[in-house]
>>> print(open('structure19.csv').read())   # CSV, C-alpha atoms
chain,number,residue,atom,x,y,z
A,1,MET,CA,80.6,26.5,37.0
A,2,GLN,CA,84.4,26.5,36.3
A,3,SER,CA,86.0,23.2,35.4
A,4,GLU,CA,88.4,23.5,38.4
A,5,VAL,CA,85.4,23.8,40.8
A,6,LYS,CA,83.6,21.0,39.1
A,7,LEU,CA,86.6,18.7,39.3
A,8,LEU,CA,87.3,19.6,42.9
A,9,LEU,CA,83.6,19.0,43.9
A,10,LEU,CA,83.5,15.6,42.1
A,11,LYS,CA,86.7,14.5,43.8
A,12,LEU,CA,85.5,15.8,47.2
A,13,VAL,CA,82.3,13.7,46.9
A,14,ARG,CA,84.2,10.6,45.5
A,15,TYR,CA,86.8,10.6,48.3
A,16,ASN,CA,84.4,11.5,51.0
A,17,GLY,CA,86.0,14.8,51.7
A,18,ASN,CA,84.5,17.7,53.4
A,19,LEU,CA,83.6,20.9,51.6
A,20,SER,CA,86.1,23.3,53.3
A,21,PRO,CA,88.4,23.5,50.2
A,22,LEU,CA,85.6,25.2,48.3
A,23,ILE,CA,84.9,27.6,51.2
A,24,LYS,CA,88.6,28.4,51.2
A,25,LEU,CA,88.3,29.3,47.5
A,26,GLY,CA,85.7,31.9,48.6
A,27,TYR,CA,82.4,30.2,47.8
A,28,GLU,CA,79.4,30.4,50.1
A,29,TYR,CA,77.5,27.3,51.1
A,30,SER,CA,74.5,28.5,49.2
A,31,GLN,CA,76.6,28.5,46.0
A,32,ILE,CA,78.0,25.1,46.7
A,33,ILE,CA,74.6,23.5,47.2
A,34,HIS,CA,73.7,25.1,43.9
A,35,PHE,CA,76.7,23.4,42.2
A,36,ILE,CA,75.8,20.1,43.8
A,37,ASN,CA,72.3,20.3,42.4
A,38,LEU,CA,73.7,21.1,39.0
A,39,LEU,CA,75.9,18.0,39.1
A,40,ILE,CA,72.9,15.9,40.2
A,41,LYS,CA,70.9,17.3,37.3
A,42,ASP,CA,73.7,16.4,34.9
A,43,ASN,CA,73.7,12.8,36.3
A,44,LEU,CA,77.3,13.2,37.5
A,45,LEU,CA,76.2,12.8,41.1
A,46,LEU,CA,73.4,10.7,42.4
A,47,LYS,CA,71.4,11.0,45.6
A,48,THR,CA,70.6,7.6,47.2
A,49,GLY,CA,68.9,7.9,50.5
A,50,ASN,CA,71.2,10.1,52.7
A,51,LYS,CA,74.2,9.4,50.5
A,52,ILE,CA,75.6,11.3,47.6
A,53,ILE,CA,77.7,9.3,45.2
A,54,VAL,CA,79.6,9.9,42.0
A,55,THR,CA,78.0,8.1,39.1
A,56,GLY,CA,79.9,6.3,36.3
A,57,LEU,CA,79.3,9.3,34.2
A,58,GLY,CA,80.8,11.4,37.0
A,59,ILE,CA,83.9,9.2,37.1
A,60,SER,CA,84.5,9.6,33.4
A,61,GLU,CA,84.0,13.3,33.8
A,62,ILE,CA,86.8,13.3,36.5
A,63,GLU,CA,89.1,11.5,34.0
A,64,ILE,CA,88.2,14.0,31.2
A,65,LEU,CA,88.8,17.0,33.5
A,66,ASN,CA,92.1,15.5,34.9
A,67,LYS,CA,93.4,15.4,31.3
A,68,LYS,CA,92.0,18.8,30.4
A,69,LEU,CA,93.4,20.5,33.5
A,70,GLU,CA,96.7,18.5,33.2
A,71,ARG,CA,96.4,16.9,36.6
A,72,THR,CA,99.2,14.3,36.8
A,73,GLU,CA,100.6,11.9,39.4
A,74,SER,CA,99.0,12.6,42.9
A,75,ALA,CA,97.0,15.4,41.4
A,76,ILE,CA,94.9,12.8,39.7
A,77,TRP,CA,93.2,12.0,42.9
A,78,ILE,CA,94.1,14.9,45.2
A,79,GLU,CA,93.2,18.4,43.9
A,80,PRO,CA,95.9,21.0,44.3
A,81,ASP,CA,95.0,23.4,47.2
A,82,ILE,CA,94.2,26.3,44.8
A,83,GLY,CA,93.0,28.5,47.7
A,84,SER,CA,96.4,28.5,49.3
A,85,LYS,CA,98.3,29.2,46.1
A,86,VAL,CA,100.1,32.6,46.0
A,87,SER,CA,101.4,34.4,43.0
A,88,GLN,CA,105.1,33.9,42.2
A,89,ILE,CA,107.4,36.8,43.4
A,90,ASP,CA,110.7,37.9,41.9
A,91,VAL,CA,113.9,36.3,43.2
A,92,ASN,CA,115.1,39.6,44.7
A,93,ASP,CA,111.7,40.5,46.4
A,94,VAL,CA,111.8,40.5,50.2
A,95,PHE,CA,108.9,38.4,51.6
A,96,LEU,CA,107.6,39.3,55.0
A,97,PRO,CA,104.5,37.2,55.9
A,98,ASP,CA,101.7,38.9,57.7
A,99,GLN,CA,101.6,37.4,61.2
A,100,ASP,CA,97.8,37.5,61.2
A,101,GLU,CA,97.5,35.6,58.0
A,102,LEU,CA,99.6,32.6,59.0
A,103,SER,CA,97.4,29.6,59.2
A,104,PHE,CA,99.9,27.4,61.3
B,1,MET,CA,85.1,21.5,61.7
B,2,SER,CA,83.5,21.4,58.3
B,3,ILE,CA,80.4,20.3,56.5
B,4,SER,CA,80.1,17.1,54.5
B,5,VAL,CA,78.3,16.9,51.2
B,6,GLU,CA,75.7,14.7,52.9
B,7,ASN,CA,75.0,17.1,55.7
B,8,LEU,CA,74.8,20.1,53.3
B,9,THR,CA,72.2,18.3,51.2
B,10,ALA,CA,70.3,17.2,54.4
B,11,LEU,CA,70.2,20.9,55.3
B,12,GLU,CA,68.9,21.8,51.9
B,13,GLU,CA,66.1,19.3,52.3
B,14,LEU,CA,65.2,20.9,55.6
B,15,PHE,CA,65.0,24.4,53.9
B,16,VAL,CA,62.9,23.0,51.0
B,17,LYS,CA,60.5,21.3,53.5
B,18,LYS,CA,60.2,24.5,55.6
B,19,GLU,CA,59.9,26.7,52.5
B,20,TRP,CA,62.8,28.8,53.6
B,21,GLU,CA,64.4,30.4,50.6
B,22,ILE,CA,68.0,29.7,49.6
B,23,LEU,CA,69.3,32.5,47.4
B,24,ARG,CA,72.4,31.3,45.7
B,25,ASP,CA,74.5,34.5,45.7
B,26,GLU,CA,73.2,36.1,48.9
B,27,SER,CA,75.9,37.2,51.3
B,28,LEU,CA,76.8,35.3,54.4
B,29,PHE,CA,75.2,37.9,56.7
B,30,SER,CA,71.8,38.1,55.1
B,31,SER,CA,71.3,34.4,54.1
B,32,THR,CA,69.7,32.2,56.7
B,33,PHE,CA,71.1,29.2,54.8
B,34,ASN,CA,74.7,30.4,55.0
B,35,ARG,CA,74.2,31.5,58.6
B,36,PHE,CA,72.9,28.1,59.4
B,37,CYS,CA,76.1,26.6,57.8
B,38,SER,CA,78.3,29.0,59.6
B,39,ARG,CA,76.9,27.7,62.9
B,40,MET,CA,77.1,24.0,61.7
B,41,ASP,CA,80.8,24.6,60.9
B,42,LEU,CA,81.5,24.8,64.7
B,43,TYR,CA,80.2,21.3,65.3
B,44,ASN,CA,81.0,17.7,64.4
B,45,SER,CA,78.9,15.8,62.0
B,46,THR,CA,76.5,14.2,64.6
B,47,GLU,CA,76.0,17.6,66.2
B,48,GLN,CA,75.3,19.1,62.8
B,49,GLN,CA,72.6,16.5,62.3
B,50,LEU,CA,71.0,17.4,65.6
B,51,MET,CA,70.7,21.0,64.5
B,52,ILE,CA,69.0,19.9,61.3
B,53,GLU,CA,66.7,17.5,63.2
B,54,LEU,CA,65.6,20.3,65.5
B,55,GLY,CA,65.2,22.5,62.5
B,56,TYR,CA,62.2,20.4,61.4
B,57,ASN,CA,60.3,21.6,64.5
B,58,PHE,CA,61.5,25.2,64.2
B,59,LEU,CA,58.9,27.8,63.5
B,60,ASP,CA,59.9,31.0,61.8
B,61,LEU,CA,56.8,33.2,61.4
B,62,GLY,CA,56.7,36.5,59.6
B,63,ILE,CA,54.3,39.3,60.6
B,64,ASN,CA,51.8,38.3,57.8
B,65,ASP,CA,51.6,34.7,59.2
B,66,PHE,CA,50.0,36.0,62.4
B,67,GLN,CA,46.6,36.9,60.9
B,68,PRO,CA,45.2,33.3,60.6
B,69,TYR,CA,46.5,32.5,64.1
B,70,PHE,CA,44.7,35.6,65.4
B,71,ILE,CA,41.4,34.5,64.0
B,72,GLU,CA,41.9,30.8,65.1
B,73,ALA,CA,42.8,32.0,68.6
B,74,ILE,CA,39.9,34.5,69.0
B,75,LYS,CA,37.4,31.9,67.8
B,76,LYS,CA,38.5,29.7,70.7
B,77,ILE,CA,36.8,32.0,73.2
B,78,ASP,CA,33.6,30.0,73.7
B,79,ASP,CA,31.2,32.9,74.5
B,80,ILE,CA,32.8,35.5,72.2
B,81,ASN,CA,29.5,36.3,70.5
B,82,SER,CA,27.8,37.1,73.8
B,83,TYR,CA,29.9,40.3,74.3
B,84,THR,CA,28.8,43.6,72.9
B,85,SER,CA,32.4,45.0,72.9
B,86,ILE,CA,35.8,43.3,72.5
B,87,ILE,CA,38.6,45.6,73.6
B,88,VAL,CA,42.0,44.6,72.2
B,89,ALA,CA,45.1,45.9,73.8
B,90,PRO,CA,48.8,45.0,73.6
B,91,LEU,CA,50.0,42.9,76.5
B,92,LYS,CA,52.5,45.3,78.2
B,93,LYS,CA,53.0,46.7,81.7
B,94,PRO,CA,51.5,50.3,81.7
B,95,SER,CA,54.7,51.4,83.5
B,96,LEU,CA,56.9,50.3,80.5
B,97,ARG,CA,57.8,53.2,78.2
B,98,ILE,CA,59.6,51.2,75.5
B,99,THR,CA,58.0,49.6,72.4
B,100,LYS,CA,57.6,45.9,72.7
B,101,SER,CA,56.8,43.2,70.1
B,102,SER,CA,53.3,43.1,71.5
B,103,ASP,CA,52.9,46.7,70.4
B,104,SER,CA,54.0,45.8,66.9
B,105,ILE,CA,51.7,42.8,66.6
B,106,TRP,CA,48.8,44.8,68.1
B,107,TYR,CA,49.3,47.6,65.6
B,108,HIS,CA,49.6,45.2,62.7
B,109,ILE,CA,46.4,43.3,63.6
B,110,LYS,CA,44.6,46.6,64.3
B,111,ASN,CA,45.3,47.7,60.7
B,112,TYR,CA,43.9,44.6,59.2
B,113,SER,CA,40.4,46.1,59.3
B,114,ASP,CA,39.3,43.8,56.5
B,115,PHE,CA,39.4,40.6,58.4
B,116,SER,CA,38.4,42.1,61.7
B,117,TYR,CA,35.2,43.5,60.3
B,118,GLU,CA,34.4,40.4,58.4
B,119,THR,CA,34.5,38.3,61.6
B,120,PHE,CA,33.4,40.6,64.4
B,121,GLY,CA,31.7,43.6,62.8
B,122,SER,CA,32.2,46.8,64.8
B,123,LYS,CA,32.6,45.0,68.1
B,124,LEU,CA,36.4,45.1,68.1
B,125,TYR,CA,37.8,48.2,69.7
B,126,PHE,CA,41.6,48.6,69.6
B,127,THR,CA,43.3,50.8,72.2
B,128,SER,CA,46.5,50.8,74.2
B,129,ASP,CA,45.4,53.6,76.5
B,130,TRP,CA,44.8,52.2,80.0
B,131,ASP,CA,42.6,55.1,81.1
B,132,ILE,CA,40.2,54.3,78.3
B,133,ILE,CA,40.5,50.5,78.8
B,134,SER,CA,39.8,50.7,82.5
B,135,LYS,CA,36.7,52.8,82.0
B,136,GLY,CA,35.4,50.6,79.1
B,137,ILE,CA,35.9,47.3,80.8
B,138,ASP,CA,33.7,48.4,83.7
B,139,ARG,CA,30.7,48.3,81.5
B,140,PRO,CA,28.7,45.0,81.2
B,141,LYS,CA,29.2,42.5,78.4
B,142,VAL,CA,32.7,43.8,77.6
B,143,ILE,CA,35.8,41.5,77.3
B,144,LEU,CA,39.4,42.6,77.2
B,145,ILE,CA,41.8,40.8,75.1
B,146,LEU,CA,45.5,41.3,75.8
B,147,ILE,CA,47.5,40.4,72.7
B,148,ASP,CA,51.1,39.2,72.3
B,149,ASP,CA,53.0,37.1,69.9
B,150,PHE,CA,54.6,34.4,72.0
B,151,ILE,CA,54.5,32.9,75.5
B,152,GLY,CA,57.7,31.3,76.7
B,153,THR,CA,57.9,30.8,80.4
B,154,GLY,CA,54.7,32.8,81.1
B,155,GLU,CA,56.8,35.2,83.2
B,156,THR,CA,55.9,38.3,81.1
B,157,VAL,CA,52.1,37.6,81.3
B,158,ASN,CA,52.3,36.9,85.1
B,159,ASP,CA,54.2,40.1,85.8
B,160,THR,CA,52.1,42.2,83.5
B,161,LEU,CA,48.8,41.0,85.1
B,162,ALA,CA,50.2,41.4,88.5
B,163,GLU,CA,51.0,45.1,87.8
B,164,LEU,CA,47.6,45.7,86.2
B,165,TYR,CA,45.7,44.4,89.2
B,166,GLU,CA,48.0,46.2,91.6
B,167,MET,CA,47.5,49.5,89.8
B,168,ASN,CA,43.8,48.9,89.9
B,169,PHE,CA,43.4,49.0,86.1
B,170,LEU,CA,41.9,45.5,86.4
B,171,HIS,CA,39.6,44.0,89.0
B,172,ASN,CA,38.7,40.4,89.6
B,173,THR,CA,35.2,40.9,88.1
B,174,HIS,CA,36.6,41.9,84.7
B,175,LYS,CA,36.5,39.4,81.8
B,176,ILE,CA,39.9,39.2,80.3
B,177,ARG,CA,41.8,36.9,78.0
B,178,VAL,CA,45.4,36.8,77.0
B,179,LEU,CA,45.7,36.0,73.3
B,180,THR,CA,48.9,34.8,71.8
B,181,PHE,CA,49.9,33.2,68.5
B,182,LEU,CA,52.4,30.7,69.8
B,183,ALA,CA,52.8,29.4,73.4
B,184,GLN,CA,55.0,27.0,75.1
B,185,GLU,CA,52.6,24.7,76.9
B,186,GLU,CA,54.7,24.9,80.0
B,187,GLY,CA,54.3,28.7,80.1
B,188,VAL,CA,50.6,28.5,79.7
B,189,ALA,CA,50.4,26.2,82.7
B,190,ALA,CA,52.5,28.7,84.7
B,191,ILE,CA,49.9,31.5,84.0
B,192,GLU,CA,46.9,29.3,84.5
B,193,LYS,CA,48.2,28.3,87.9
B,194,ASN,CA,47.8,32.0,89.0
B,195,TYR,CA,44.9,33.3,86.9
B,196,GLY,CA,42.9,30.3,85.7
B,197,SER,CA,42.1,29.4,82.0
B,198,ILE,CA,42.6,32.9,80.5
B,199,VAL,CA,45.2,32.0,77.8
B,200,ILE,CA,44.0,31.6,74.3
B,201,TYR,CA,46.7,30.5,71.8
B,202,GLY,CA,46.9,29.6,68.1
B,203,LEU,CA,49.5,27.0,68.4
B,204,GLY,CA,50.8,25.2,71.6
B,205,LEU,CA,54.5,24.2,71.5
B,206,LYS,CA,56.3,21.3,73.2
B,207,LYS,CA,59.8,21.4,74.5
B,208,GLY,CA,62.3,20.8,71.7
B,209,LEU,CA,64.2,17.9,73.3
B,210,SER,CA,62.4,16.9,76.5
B,211,ASP,CA,59.0,16.4,75.0
B,212,ASN,CA,60.2,14.9,71.7
B,213,TYR,CA,62.6,12.2,72.9
B,214,THR,CA,62.6,9.7,75.8
B,215,GLY,CA,65.0,7.5,77.7
B,216,ASP,CA,68.6,7.0,76.6
B,217,ILE,CA,68.1,8.9,73.3
B,218,LEU,CA,66.9,11.9,75.3
B,219,SER,CA,69.9,11.8,77.7
B,220,GLU,CA,72.2,11.5,74.8
B,221,LYS,CA,70.8,14.5,73.0
B,222,ILE,CA,70.7,16.6,76.1
B,223,LYS,CA,74.4,15.8,76.7
B,224,MET,CA,75.1,16.7,73.1
B,225,MET,CA,73.3,20.0,73.4
B,226,GLN,CA,75.3,20.8,76.6
B,227,GLU,CA,78.5,20.2,74.7
B,228,MET,CA,77.3,22.3,71.8
B,229,GLU,CA,76.4,25.1,74.2
B,230,GLY,CA,79.8,24.7,75.8
B,231,LYS,CA,81.5,25.6,72.6
B,232,LEU,CA,79.5,28.9,72.5
B,233,LYS,CA,80.1,29.6,76.2
B,234,VAL,CA,76.4,30.0,76.7
B,235,ASP,CA,75.4,31.9,79.9
B,236,SER,CA,73.6,29.6,82.3
B,237,GLU,CA,70.5,31.9,82.2
B,238,PHE,CA,70.0,31.1,78.6
B,239,SER,CA,71.1,27.4,78.6
B,240,PHE,CA,68.4,25.4,76.7
B,241,GLY,CA,66.6,28.8,76.2
B,242,TYR,CA,65.5,31.3,78.8
B,243,GLY,CA,63.9,29.4,81.7
B,244,LYS,CA,64.9,26.2,80.0
B,245,SER,CA,62.0,26.6,77.7
B,246,GLU,CA,63.7,24.5,74.9
B,247,SER,CA,61.8,26.6,72.3
B,248,LEU,CA,62.3,26.5,68.6
B,249,VAL,CA,60.8,29.8,67.6
B,250,ALA,CA,61.7,32.9,65.6
B,251,LEU,CA,59.4,35.7,64.9
B,252,SER,CA,60.3,37.7,61.8
B,253,LYS,CA,63.7,36.0,61.6
B,254,ARG,CA,64.4,37.0,65.2
B,255,ALA,CA,64.7,34.1,67.6
B,256,THR,CA,63.0,34.4,71.0
B,257,ASN,CA,65.4,34.1,73.9
B,258,ASN,CA,63.5,31.0,75.0
B,259,THR,CA,64.9,29.3,71.9
B,260,PHE,CA,68.0,27.1,72.2
B,261,PRO,CA,70.9,29.5,72.0
B,262,ILE,CA,72.7,27.5,69.3
B,263,PHE,CA,70.2,29.0,67.0
B,264,TRP,CA,70.7,32.7,67.9
B,265,LEU,CA,73.8,33.3,70.1
B,266,GLU,CA,76.6,34.9,68.1
B,267,LYS,CA,80.2,35.2,69.2
B,268,GLY,CA,82.3,37.4,67.0
B,269,LYS,CA,81.7,38.4,63.4
B,270,LYS,CA,82.6,35.1,61.8
B,271,LYS,CA,80.4,33.0,64.1
B,272,LEU,CA,77.0,33.8,62.9
B,273,ALA,CA,73.9,32.0,64.1
B,274,PRO,CA,71.0,31.0,61.8
B,275,PHE,CA,68.6,33.6,63.4
B,276,LYS,CA,69.2,37.0,65.0
B,277,ARG,CA,68.2,38.1,68.4
>>> encode(input="structure19.csv", output="structure tokens")
Amino acid sequence: MQSEVKLLLLKLVRYNGNLSPLIKLGYEYSQIIHFINLLIKDNLLLKTGNKIIVTGLGISEIEILNKKLERTESAIWIEPDIGSKVSQIDVNDVFLPDQDELSF
Amino acid sequence: MSISVENLTALEELFVKKEWEILRDESLFSSTFNRFCSRMDLYNSTEQQLMIELGYNFLDLGINDFQPYFIEAIKKIDDINSYTSIIVAPLKKPSLRITKSSDSIWYHIKNYSDFSYETFGSKLYFTSDWDIISKGIDRPKVILILIDDFIGTGETVNDTLAELYEMNFLHNTHKIRVLTFLAQEEGVAAIEKNYGSIVIYGLGLKKGLSDNYTGDILSEKIKMMQEMEGKLKVDSEFSFGYGKSESLVALSKRATNNTFPIFWLEKGKKKLAPFKR
């Protein structure tokens, strides 16, 4: 599992977010449940009854990954929306957005 | 909508309990788990939980699961040992030219010669030719077993028998039984009203909502299901399953049309349902 995905998943669980950012990144739910199980196995997440919580170890892992991936300011607790990030274009390039791809 | 971590793990628990495989890297289209999630995505959290809850009563049988049901069902015929011949035919109107699931089940059972001989010796005679059947059944100590996989409303059995009697392939004096693996109890009652106790089934099924909940909880869940169907624009003919059967059944990954349509009705490429039709 990539560090970015691990950090995003830990934060999603910690701040009670839904899983759509991971879907947007192109993962299938069958892969996400596999990631969740890996994090449970590594004691970063814990299943108690119907709830899934981030363990103390998980919180330290978030801190470690925040530093490693240089997440500062708001990015400490909100993950950048990597799925929506586009590559930078040259200053003279003309940008015509595809009408079908607009999400707003 | 989207799926929370809690609902996703609750769905995984369902799959583990039902022994439905979750393959990590399978594509959306071929993975039942991902298809289930795709449908859950349309609904809010409580609605998603209702889908999971109903999932626990869902039966998804493959063709190889039918064999024990067949033996169980056939043993339920009290006087089965008193017959010298047991004719087994698919339950289908003779006028129908297309292949039905009853043909497929019949053919499969027919080729399991191992277990048929073990239990019934050479008494079993498989044929789908009505000229042969109608001659054979006129002899004494012969019983005809019409075989199918599932009884929903009982309409198919009633219509088929009506045609068989009308076309003189069957007479009132003939000993017949309808054998099916799974049957909605309501459908069995509808057949027995016309033909008496002729249905033998492996497993009787209750209605998914009406027979499992009562009072306020039932009304609440019915309302929720109506809203969930509304989001899919379900045709009134199939609302709560054909004939309002409220079934929770798939045979070889294909849901019966008696099953709640939220489990099989697909609208557009991206809105996949857990089971196909």
>>> residues_around(input="structure19.csv", residues="B:Lys253", least_positions_apart="5", cutoff="12 Å", atoms="all atoms listed in the file", output="short mmCIF file (atom, residue, chain, number, x, y, z; two decimals) with C-alpha atoms, in the frame of the given file")
data_model
loop_
_atom_site.label_atom_id
_atom_site.label_comp_id
_atom_site.auth_asym_id
_atom_site.auth_seq_id
_atom_site.Cartn_x
_atom_site.Cartn_y
_atom_site.Cartn_z
CA TRP B 20 62.80 28.80 53.60
CA SER B 30 71.80 38.10 55.10
CA SER B 31 71.30 34.40 54.10
CA THR B 32 69.70 32.20 56.70
CA ARG B 35 74.20 31.50 58.60
CA PHE B 58 61.50 25.20 64.20
CA LEU B 59 58.90 27.80 63.50
CA ASP B 60 59.90 31.00 61.80
CA LEU B 61 56.80 33.20 61.40
CA GLY B 62 56.70 36.50 59.60
CA ILE B 63 54.30 39.30 60.60
CA LEU B 248 62.30 26.50 68.60
CA PHE B 263 70.20 29.00 67.00
CA TRP B 264 70.70 32.70 67.90
CA ALA B 273 73.90 32.00 64.10
CA PRO B 274 71.00 31.00 61.80
CA PHE B 275 68.60 33.60 63.40
CA LYS B 276 69.20 37.00 65.00
CA ARG B 277 68.20 38.10 68.40
#
>>> residues_around(input="structure19.csv", residues="A:Ser30", least_positions_apart="5", cutoff="7 Å", atoms="all atoms listed in the file", output="VMD selection string")
chain B and resid 22 to 25 33 to 34
>>> interface_residues(input="structure19.csv", of="chain A", to="chain B", cutoff="10 Å", atoms="all atoms listed in the file", output="list in words")
Leu9, Leu12, Val13, Asn16, Gly17, Asn18, Leu19, Ser20, Pro21, Ile23, Tyr27, Glu28, Tyr29, Ser30, Gln31, Ile32, Ile33, His34, Phe35, Ile36, Asn37, Lys47, Gly49, Asn50, Lys51, Ile52 and Ile53 of chain A
>>> closest_residue(input="structure19.csv", among="B:Pro68, B:Ile145, B:Pro140, B:Tyr201", to="B:Thr173", atoms="only C-alpha atoms")
B:Pro140
>>> atom_distance(input="structure19.csv", atom1="atom CA of B:Ile109", atom2="atom CA of B:Asp131")
21.4 Å
>>> closest_residue(input="structure19.csv", among="B:Lys110, B:Lys76, B:His171, B:Lys92", to="B:Asn158", atoms="only C-alpha atoms")
B:Lys92
>>> residues_near_point(input="structure19.csv", point="(38.9, 40.1, 71.4)", cutoff="10 Å", atoms="only C-alpha atoms", output="ChimeraX atom specification")
/B:70-71,73-75,77,80,83,85-89,116,120,123-126,142-147,176-179
>>> closest_residue(input="structure19.csv", among="B:Leu91, B:Val188, B:Leu265, B:Ala183", to="B:Leu232", atoms="all atoms listed in the file")
B:Leu265
>>> build_atoms(input="structure19.csv", residues="stretch 76-98 of chain A", atoms="N, CA and C atoms", output="PDB file, keeping the file's coordinate frame")
ATOM      1  N   ILE A  76      96.001  13.510  40.284  1.00  0.00           N
ATOM      2  CA  ILE A  76      94.900  12.800  39.700  1.00  0.00           C
ATOM      3  C   ILE A  76      93.791  12.550  40.690  1.00  0.00           C
ATOM      4  N   TRP A  77      94.201  12.242  41.912  1.00  0.00           N
ATOM      5  CA  TRP A  77      93.200  12.000  42.900  1.00  0.00           C
ATOM      6  C   TRP A  77      93.116  13.020  44.047  1.00  0.00           C
ATOM      7  N   ILE A  78      94.199  13.815  44.220  1.00  0.00           N
ATOM      8  CA  ILE A  78      94.100  14.900  45.200  1.00  0.00           C
ATOM      9  C   ILE A  78      94.122  16.213  44.358  1.00  0.00           C
ATOM     10  N   GLU A  79      93.178  17.098  44.613  1.00  0.00           N
ATOM     11  CA  GLU A  79      93.200  18.400  43.900  1.00  0.00           C
ATOM     12  C   GLU A  79      94.223  19.308  44.551  1.00  0.00           C
ATOM     13  N   PRO A  80      94.973  20.050  43.723  1.00  0.00           N
ATOM     14  CA  PRO A  80      95.900  21.000  44.300  1.00  0.00           C
ATOM     15  C   PRO A  80      95.084  22.020  45.168  1.00  0.00           C
ATOM     16  N   ASP A  81      95.709  22.480  46.267  1.00  0.00           N
ATOM     17  CA  ASP A  81      95.000  23.400  47.200  1.00  0.00           C
ATOM     18  C   ASP A  81      95.077  24.816  46.568  1.00  0.00           C
ATOM     19  N   ILE A  82      94.202  25.033  45.585  1.00  0.00           N
ATOM     20  CA  ILE A  82      94.200  26.300  44.800  1.00  0.00           C
ATOM     21  C   ILE A  82      94.068  27.511  45.721  1.00  0.00           C
ATOM     22  N   GLY A  83      93.247  27.342  46.767  1.00  0.00           N
ATOM     23  CA  GLY A  83      93.000  28.500  47.700  1.00  0.00           C
ATOM     24  C   GLY A  83      94.209  28.986  48.370  1.00  0.00           C
ATOM     25  N   SER A  84      95.230  28.101  48.554  1.00  0.00           N
ATOM     26  CA  SER A  84      96.400  28.500  49.300  1.00  0.00           C
ATOM     27  C   SER A  84      97.552  28.987  48.324  1.00  0.00           C
ATOM     28  N   LYS A  85      97.287  28.894  47.029  1.00  0.00           N
ATOM     29  CA  LYS A  85      98.300  29.200  46.100  1.00  0.00           C
ATOM     30  C   LYS A  85      98.567  30.745  46.033  1.00  0.00           C
ATOM     31  N   VAL A  86      99.845  31.140  46.108  1.00  0.00           N
ATOM     32  CA  VAL A  86     100.100  32.600  46.000  1.00  0.00           C
ATOM     33  C   VAL A  86     100.864  32.851  44.703  1.00  0.00           C
ATOM     34  N   SER A  87     100.780  34.083  44.243  1.00  0.00           N
ATOM     35  CA  SER A  87     101.400  34.400  43.000  1.00  0.00           C
ATOM     36  C   SER A  87     102.961  34.426  43.181  1.00  0.00           C
ATOM     37  N   GLN A  88     103.689  34.040  42.125  1.00  0.00           N
ATOM     38  CA  GLN A  88     105.100  33.900  42.200  1.00  0.00           C
ATOM     39  C   GLN A  88     105.775  35.339  42.366  1.00  0.00           C
ATOM     40  N   ILE A  89     106.765  35.459  43.265  1.00  0.00           N
ATOM     41  CA  ILE A  89     107.400  36.800  43.400  1.00  0.00           C
ATOM     42  C   ILE A  89     108.822  36.685  42.810  1.00  0.00           C
ATOM     43  N   ASP A  90     109.400  37.830  42.531  1.00  0.00           N
ATOM     44  CA  ASP A  90     110.700  37.900  41.900  1.00  0.00           C
ATOM     45  C   ASP A  90     111.774  37.432  42.912  1.00  0.00           C
ATOM     46  N   VAL A  91     112.862  36.895  42.385  1.00  0.00           N
ATOM     47  CA  VAL A  91     113.900  36.300  43.200  1.00  0.00           C
ATOM     48  C   VAL A  91     114.497  37.333  44.210  1.00  0.00           C
ATOM     49  N   ASN A  92     114.481  38.622  43.845  1.00  0.00           N
ATOM     50  CA  ASN A  92     115.100  39.600  44.700  1.00  0.00           C
ATOM     51  C   ASN A  92     114.052  40.298  45.674  1.00  0.00           C
ATOM     52  N   ASP A  93     112.766  39.945  45.538  1.00  0.00           N
ATOM     53  CA  ASP A  93     111.700  40.500  46.400  1.00  0.00           C
ATOM     54  C   ASP A  93     111.901  40.000  47.837  1.00  0.00           C
ATOM     55  N   VAL A  94     111.704  40.906  48.805  1.00  0.00           N
ATOM     56  CA  VAL A  94     111.800  40.500  50.200  1.00  0.00           C
ATOM     57  C   VAL A  94     110.343  40.058  50.625  1.00  0.00           C
ATOM     58  N   PHE A  95     110.241  38.890  51.211  1.00  0.00           N
ATOM     59  CA  PHE A  95     108.900  38.400  51.600  1.00  0.00           C
ATOM     60  C   PHE A  95     108.756  38.442  53.123  1.00  0.00           C
ATOM     61  N   LEU A  96     107.857  39.278  53.591  1.00  0.00           N
ATOM     62  CA  LEU A  96     107.600  39.300  55.000  1.00  0.00           C
ATOM     63  C   LEU A  96     106.113  38.885  55.229  1.00  0.00           C
ATOM     64  N   PRO A  97     105.919  37.677  55.730  1.00  0.00           N
ATOM     65  CA  PRO A  97     104.500  37.200  55.900  1.00  0.00           C
ATOM     66  C   PRO A  97     103.788  38.001  56.959  1.00  0.00           C
ATOM     67  N   ASP A  98     102.512  38.232  56.711  1.00  0.00           N
ATOM     68  CA  ASP A  98     101.700  38.900  57.700  1.00  0.00           C
ATOM     69  C   ASP A  98     101.370  37.940  58.821  1.00  0.00           C
TER      70      ASP A  98
END
